[in-house]
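**Q** Have a look at this one before I ask anything.
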Amino acid sequence: MISTPKNIRMIHQQHQKKPSRWMLLAIAQSLMWLFVLPIIVRPYWPYIFGSLSPLKAELVLSYTVPSVYIAYSLGMLPVYYLQHPFFEQYKVQEDQPWPWRHESLPVRQKFWALTRRTLKFSSFNLFVLVPILVVAKCHSARMLGIPPMSFRANIDIRVGTDTDETSDYLSAGWPGYSEIIMQQICMTAIHEFGFYASHKMMHVYPFLYKYHKVHHEYKMNNALAAQHNHPIDYILSIAIPGLLPSLIMQPHSFVMFQWFLWTMVANMDDHVGYSFPWSPVRWFPLAALTDEH
(Lines give C-alpha, C1' and ligand atoms only; values in the text may rest on other atoms or scores of the structure.)
Protein backbone atom coordinates (compact mmCIF):
# COMPACT_ATOMS: atom_id res chain seq x y z
CA MET A 1 0.00 0.00 0.00
CA ILE A 2 1.27 3.48 -0.93
CA SER A 3 1.99 5.67 2.10
CA THR A 4 -0.20 8.74 1.77
CA PRO A 5 -0.85 11.29 4.54
CA LYS A 6 -4.36 9.82 4.96
CA ASN A 7 -3.04 6.26 5.26
CA ILE A 8 -0.34 7.33 7.71
CA ARG A 9 -2.91 9.11 9.85
CA MET A 10 -5.11 5.99 9.91
CA ILE A 11 -2.11 3.93 11.07
CA HIS A 12 -1.31 6.44 13.81
CA GLN A 13 -4.96 6.53 14.87
CA GLN A 14 -4.77 2.75 15.32
CA HIS A 15 -1.63 3.24 17.41
CA GLN A 16 -3.11 5.81 19.76
CA LYS A 17 -6.83 5.00 19.84
CA LYS A 18 -7.02 1.24 19.38
CA PRO A 19 -7.42 -0.75 22.63
CA SER A 20 -4.14 -2.50 23.37
CA ARG A 21 -1.65 -3.12 26.15
CA TRP A 22 -0.13 0.27 25.28
CA MET A 23 -3.48 1.95 25.84
CA LEU A 24 -3.63 0.30 29.26
CA LEU A 25 -0.21 1.80 30.00
CA ALA A 26 -1.43 5.22 28.81
CA ILE A 27 -4.51 5.01 31.04
CA ALA A 28 -2.38 3.90 33.98
CA GLN A 29 -0.14 6.97 33.53
CA SER A 30 -3.18 9.26 33.46
CA LEU A 31 -4.61 7.70 36.61
CA MET A 32 -1.27 8.03 38.39
CA TRP A 33 -1.13 11.71 37.41
CA LEU A 34 -4.64 12.25 38.78
CA PHE A 35 -4.72 10.05 41.89
CA VAL A 36 -1.17 9.05 42.88
CA LEU A 37 0.76 12.26 42.24
CA PRO A 38 -1.15 14.16 44.99
CA ILE A 39 -0.18 11.50 47.53
CA ILE A 40 3.48 11.53 46.48
CA VAL A 41 4.09 15.28 46.54
CA ARG A 42 1.86 16.31 49.44
CA PRO A 43 4.37 15.60 52.25
CA TYR A 44 7.03 17.67 50.48
CA TRP A 45 4.84 20.67 49.59
CA PRO A 46 5.35 22.62 52.86
CA TYR A 47 9.11 22.03 52.79
CA ILE A 48 9.36 23.41 49.25
CA PHE A 49 7.01 26.37 49.54
CA GLY A 50 6.34 26.90 53.25
CA SER A 51 9.00 29.55 53.87
CA LEU A 52 8.43 31.46 50.62
CA SER A 53 6.32 34.53 50.00
CA PRO A 54 3.32 34.05 47.65
CA LEU A 55 5.19 35.71 44.78
CA LYS A 56 8.35 33.67 45.25
CA ALA A 57 6.29 30.49 45.59
CA GLU A 58 4.53 31.14 42.28
CA LEU A 59 7.86 31.88 40.60
CA VAL A 60 9.26 28.56 41.83
CA LEU A 61 6.07 26.80 40.69
CA SER A 62 6.38 28.34 37.21
CA TYR A 63 9.70 26.56 36.70
CA THR A 64 7.66 23.39 36.21
CA VAL A 65 7.32 24.52 32.58
CA PRO A 66 11.02 24.71 31.60
CA SER A 67 11.77 21.67 33.77
CA VAL A 68 9.38 19.49 31.77
CA TYR A 69 10.67 20.93 28.49
CA ILE A 70 14.30 20.21 29.35
CA ALA A 71 13.65 16.77 30.87
CA TYR A 72 11.43 15.64 27.98
CA SER A 73 13.90 16.89 25.36
CA LEU A 74 16.85 15.18 27.06
CA GLY A 75 14.83 11.97 27.40
CA MET A 76 14.17 11.97 23.66
CA LEU A 77 17.84 12.36 22.69
CA PRO A 78 18.60 8.60 22.77
CA VAL A 79 15.46 7.92 20.72
CA TYR A 80 16.46 10.42 18.05
CA TYR A 81 20.09 9.32 18.06
CA LEU A 82 19.67 5.54 18.03
CA GLN A 83 16.67 5.40 15.69
CA HIS A 84 15.76 1.97 16.99
CA PRO A 85 13.12 0.20 14.86
CA PHE A 86 10.87 -0.19 17.91
CA PHE A 87 10.48 3.61 18.13
CA GLU A 88 10.81 4.37 14.43
CA GLN A 89 7.65 2.39 13.68
CA TYR A 90 5.74 5.20 15.41
CA LYS A 91 7.47 8.04 13.54
CA VAL A 92 4.92 10.50 12.13
CA GLN A 93 6.77 11.40 8.90
CA GLU A 94 8.04 7.89 8.42
CA ASP A 95 8.91 8.41 4.75
CA GLN A 96 11.40 11.21 5.48
CA PRO A 97 14.79 11.09 7.20
CA TRP A 98 15.42 13.23 10.25
CA PRO A 99 17.01 16.49 9.03
CA TRP A 100 20.17 16.00 11.09
CA ARG A 101 20.72 12.72 9.21
CA HIS A 102 19.75 14.03 5.79
CA GLU A 103 22.19 13.29 2.96
CA SER A 104 22.04 16.93 1.89
CA LEU A 105 24.57 19.12 3.70
CA PRO A 106 22.45 22.32 3.27
CA VAL A 107 19.48 20.56 4.92
CA ARG A 108 21.65 19.54 7.87
CA GLN A 109 23.14 23.01 8.18
CA LYS A 110 19.69 24.59 8.05
CA PHE A 111 18.49 22.28 10.82
CA TRP A 112 21.39 23.12 13.15
CA ALA A 113 20.95 26.83 12.49
CA LEU A 114 17.26 26.46 13.35
CA THR A 115 18.18 24.54 16.51
CA ARG A 116 20.42 27.39 17.68
CA ARG A 117 17.58 29.81 16.97
CA THR A 118 15.23 27.63 19.02
CA LEU A 119 17.58 27.58 21.99
CA LYS A 120 17.74 31.38 21.94
CA PHE A 121 13.95 31.76 21.73
CA SER A 122 13.14 29.11 24.32
CA SER A 123 15.78 30.36 26.78
CA PHE A 124 14.45 33.91 26.61
CA ASN A 125 10.78 32.88 26.75
CA LEU A 126 11.12 30.38 29.60
CA PHE A 127 13.70 32.07 31.78
CA VAL A 128 12.99 35.76 31.17
CA LEU A 129 9.44 36.18 29.90
CA VAL A 130 7.77 33.60 32.16
CA PRO A 131 9.05 35.12 35.43
CA ILE A 132 8.05 38.62 34.23
CA LEU A 133 4.57 37.39 33.30
CA VAL A 134 4.15 35.57 36.62
CA VAL A 135 5.02 38.77 38.50
CA ALA A 136 2.56 40.72 36.32
CA LYS A 137 -0.11 38.09 36.95
CA CYS A 138 0.40 38.24 40.74
CA HIS A 139 0.20 42.03 40.79
CA SER A 140 -2.89 41.96 38.56
CA ALA A 141 -4.55 39.46 40.89
CA ARG A 142 -3.79 41.68 43.88
CA MET A 143 -5.30 44.71 42.13
CA LEU A 144 -8.43 42.70 41.32
CA GLY A 145 -8.74 41.53 44.90
CA ILE A 146 -7.96 37.91 44.06
CA PRO A 147 -6.29 36.17 47.03
CA PRO A 148 -2.82 34.62 46.60
CA MET A 149 -2.61 31.04 45.42
CA SER A 150 -2.81 28.54 48.29
CA PHE A 151 0.28 26.48 49.03
CA ARG A 152 -1.14 24.73 52.10
CA ALA A 153 -0.97 20.96 52.50
CA ASN A 154 -3.47 19.80 55.16
CA ILE A 155 -0.70 18.82 57.55
CA ASP A 156 1.02 20.56 60.41
CA ILE A 157 4.62 21.11 59.38
CA ARG A 158 6.82 23.60 61.20
CA VAL A 159 8.95 25.75 58.98
CA GLY A 160 11.31 28.51 60.03
CA THR A 161 12.69 28.59 63.56
CA ASP A 162 11.91 26.21 66.39
CA THR A 163 10.18 28.70 68.67
CA ASP A 164 6.40 28.75 68.91
CA GLU A 165 6.34 32.53 68.47
CA THR A 166 8.16 32.57 65.14
CA SER A 167 7.14 29.20 63.70
CA ASP A 168 4.75 29.03 60.80
CA TYR A 169 2.35 26.13 60.49
CA LEU A 170 0.74 25.04 57.27
CA SER A 171 -2.62 23.49 57.95
CA ALA A 172 -5.71 22.76 55.89
CA GLY A 173 -6.21 23.60 52.25
CA TRP A 174 -5.00 20.51 50.35
CA PRO A 175 -7.59 19.82 47.61
CA GLY A 176 -9.60 16.63 47.58
CA TYR A 177 -10.03 14.52 44.46
CA SER A 178 -13.42 16.02 43.59
CA GLU A 179 -11.92 19.52 43.70
CA ILE A 180 -8.89 18.43 41.69
CA ILE A 181 -11.02 16.83 38.96
CA MET A 182 -13.44 19.78 38.79
CA GLN A 183 -10.68 22.36 38.59
CA GLN A 184 -8.66 20.38 36.04
CA ILE A 185 -11.69 20.14 33.75
CA CYS A 186 -12.57 23.83 34.10
CA MET A 187 -8.97 25.01 33.69
CA THR A 188 -8.50 22.86 30.60
CA ALA A 189 -11.73 24.21 29.07
CA ILE A 190 -10.68 27.81 29.75
CA HIS A 191 -7.22 27.17 28.34
CA GLU A 192 -8.52 25.45 25.22
CA PHE A 193 -10.91 28.33 24.50
CA GLY A 194 -8.18 30.92 25.12
CA PHE A 195 -5.64 29.04 23.04
CA TYR A 196 -8.09 28.51 20.16
CA ALA A 197 -9.07 32.20 20.11
CA SER A 198 -5.49 33.50 20.33
CA HIS A 199 -4.16 30.95 17.84
CA LYS A 200 -6.94 31.81 15.40
CA MET A 201 -6.10 35.50 15.83
CA MET A 202 -2.41 34.84 15.14
CA HIS A 203 -3.32 33.17 11.84
CA VAL A 204 -6.00 35.62 10.70
CA TYR A 205 -4.17 38.92 11.10
CA PRO A 206 -1.03 39.31 8.96
CA PHE A 207 0.63 41.71 11.42
CA LEU A 208 0.41 38.95 14.05
CA TYR A 209 1.11 36.00 11.76
CA LYS A 210 4.57 37.39 11.01
CA TYR A 211 5.40 36.51 14.63
CA HIS A 212 3.46 33.26 14.75
CA LYS A 213 4.95 31.86 11.55
CA VAL A 214 8.23 31.45 13.41
CA HIS A 215 6.64 28.48 15.19
CA HIS A 216 6.04 26.84 11.81
CA GLU A 217 9.67 27.00 10.71
CA TYR A 218 10.09 23.34 11.60
CA LYS A 219 8.88 21.23 8.69
CA MET A 220 9.62 18.04 10.61
CA ASN A 221 8.79 18.28 14.30
CA ASN A 222 11.07 17.25 17.12
CA ALA A 223 10.91 17.95 20.85
CA LEU A 224 12.69 21.30 20.61
CA ALA A 225 9.99 22.63 18.27
CA ALA A 226 7.50 22.62 21.14
CA GLN A 227 8.89 25.89 22.49
CA HIS A 228 10.03 27.47 19.24
CA ASN A 229 8.04 30.72 19.47
CA HIS A 230 8.76 34.35 18.82
CA PRO A 231 8.37 36.22 22.16
CA ILE A 232 5.34 38.17 20.90
CA ASP A 233 3.69 34.93 19.82
CA TYR A 234 4.65 33.31 23.12
CA ILE A 235 2.96 36.06 25.13
CA LEU A 236 -0.24 36.17 23.08
CA SER A 237 -0.88 32.54 22.20
CA ILE A 238 0.97 30.58 24.89
CA ALA A 239 1.40 32.60 28.10
CA ILE A 240 -1.91 34.49 28.29
CA PRO A 241 -4.08 31.38 27.64
CA GLY A 242 -1.88 29.56 30.17
CA LEU A 243 -2.34 32.20 32.89
CA LEU A 244 -6.09 32.77 32.42
CA PRO A 245 -7.16 29.51 34.12
CA SER A 246 -5.22 30.49 37.23
CA LEU A 247 -6.84 33.93 37.44
CA ILE A 248 -10.35 32.64 36.79
CA MET A 249 -10.36 29.39 38.77
CA GLN A 250 -7.94 30.39 41.58
CA PRO A 251 -6.75 26.79 41.99
CA HIS A 252 -4.64 25.36 44.77
CA SER A 253 -0.94 25.45 43.86
CA PHE A 254 -0.80 21.65 43.55
CA VAL A 255 -3.64 21.69 41.02
CA MET A 256 -1.69 24.30 39.08
CA PHE A 257 1.44 22.16 39.24
CA GLN A 258 -0.52 19.12 38.09
CA TRP A 259 -2.07 21.10 35.25
CA PHE A 260 1.33 22.46 34.19
CA LEU A 261 2.62 18.89 33.96
CA TRP A 262 -0.30 17.72 31.82
CA THR A 263 -0.30 20.68 29.41
CA MET A 264 3.47 20.57 28.99
CA VAL A 265 3.48 16.82 28.30
CA ALA A 266 0.67 17.38 25.77
CA ASN A 267 2.63 20.23 24.19
CA MET A 268 5.77 18.10 23.94
CA ASP A 269 3.78 15.16 22.61
CA ASP A 270 2.33 17.43 19.90
CA HIS A 271 5.80 18.16 18.57
CA VAL A 272 7.87 15.08 19.40
CA GLY A 273 7.61 13.61 15.90
CA TYR A 274 6.32 10.21 17.07
CA SER A 275 2.78 8.97 17.68
CA PHE A 276 3.55 6.85 20.71
CA PRO A 277 0.61 4.56 21.59
CA TRP A 278 1.46 4.77 25.31
CA SER A 279 1.03 8.56 25.38
CA PRO A 280 -1.10 9.48 28.42
CA VAL A 281 -2.64 12.47 26.63
CA ARG A 282 -3.99 10.73 23.50
CA TRP A 283 -6.02 7.65 24.46
CA PHE A 284 -9.37 9.22 25.41
CA PRO A 285 -12.10 10.05 22.85
CA LEU A 286 -11.79 13.87 22.67
CA ALA A 287 -7.99 13.91 22.39
CA ALA A 288 -6.45 14.84 19.05
CA LEU A 289 -3.78 12.62 17.55
CA THR A 290 -0.12 13.63 17.64
CA ASP A 291 0.14 13.92 13.87
CA GLU A 292 -2.87 16.25 13.68
CA HIS A 293 -0.83 19.11 15.08
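Identifiers in this document derive from the order of the C-alpha coordinates: chains are assigned A, B, ..., residues are numbered from 1 separately in each chain, and ligands are numbered from 1 in order of occurrence.
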Any chance you could list, as an MDAnalysis selection string, the residues in stretch 67-232 of chain A that come up strand (DSSP E) when DSSP is run on the backbone?
**A** chainID A and resid 157:159 168:170
**Q** For those residues, write N, CA and C atoms to a file as a PDB file, in the first residue's frame.
**A**
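As written to disk, result08.pdb reads:
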```
ATOM      1  N   ILE A 157       3.171  21.192  59.566  1.00  0.00           N
ATOM      2  CA  ILE A 157       4.618  21.114  59.375  1.00  0.00           C
ATOM      3  C   ILE A 157       5.220  22.432  59.822  1.00  0.00           C
ATOM      4  N   ARG A 158       6.191  22.372  60.721  1.00  0.00           N
ATOM      5  CA  ARG A 158       6.824  23.595  61.196  1.00  0.00           C
ATOM      6  C   ARG A 158       7.954  23.965  60.242  1.00  0.00           C
ATOM      7  N   VAL A 159       7.884  25.222  59.830  1.00  0.00           N
ATOM      8  CA  VAL A 159       8.954  25.748  58.984  1.00  0.00           C
ATOM      9  C   VAL A 159       9.472  27.015  59.629  1.00  0.00           C
ATOM     10  N   ASP A 168       5.911  28.923  61.689  1.00  0.00           N
ATOM     11  CA  ASP A 168       4.754  29.035  60.804  1.00  0.00           C
ATOM     12  C   ASP A 168       4.237  27.636  60.553  1.00  0.00           C
ATOM     13  N   TYR A 169       2.935  27.451  60.690  1.00  0.00           N
ATOM     14  CA  TYR A 169       2.354  26.127  60.490  1.00  0.00           C
ATOM     15  C   TYR A 169       1.434  26.162  59.273  1.00  0.00           C
ATOM     16  N   LEU A 170       1.605  25.176  58.440  1.00  0.00           N
ATOM     17  CA  LEU A 170       0.744  25.044  57.270  1.00  0.00           C
ATOM     18  C   LEU A 170      -0.320  24.012  57.600  1.00  0.00           C
TER      19      LEU A 170
END
```
**Q** Might you pull out every residue within 12 Å of stretch 113-117 of chain A, with only C-alpha atoms counted and same-chain residues fewer than 2 positions away left off, and present them as a count of residues only?
**A** 31
**Q** Leaving out stretch 133-145 of chain A and any residue of its chain fewer than 2 positions from it, which residues lie within 12 Å of it when counting only C-alpha atoms, given as a PyMOL selection string?
**A** chain A and resi 53-63+125-131+147-149+231+234-236+238-250
**Q** How many Å lie between atom CA of A:Arg282 and atom CA of A:Leu25, rounded to one decimal?
**A** 11.7 Å
**Q** Run DSSP on the backbone and give me the residues of stretch 105-247 of chain A it puts in helix (DSSP H, G or I), as a PyMOL selection string.
**A** chain A and resi 105-143+177-204+206-217+223-227+231-247
**Q** Please report the interatomic distance between atom CA of A:Leu261 and atom CA of A:Val65 in Å with one decimal.
**A**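 Going from atom CA of A:Leu261 over to atom CA of A:Val65 covers 7.5 Å.
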**Q** Could you work out how far atom CA of A:Ser198 lies from atom CA of A:Phe257, giving the answer in Å with one decimal?
**A** 23.1 Å
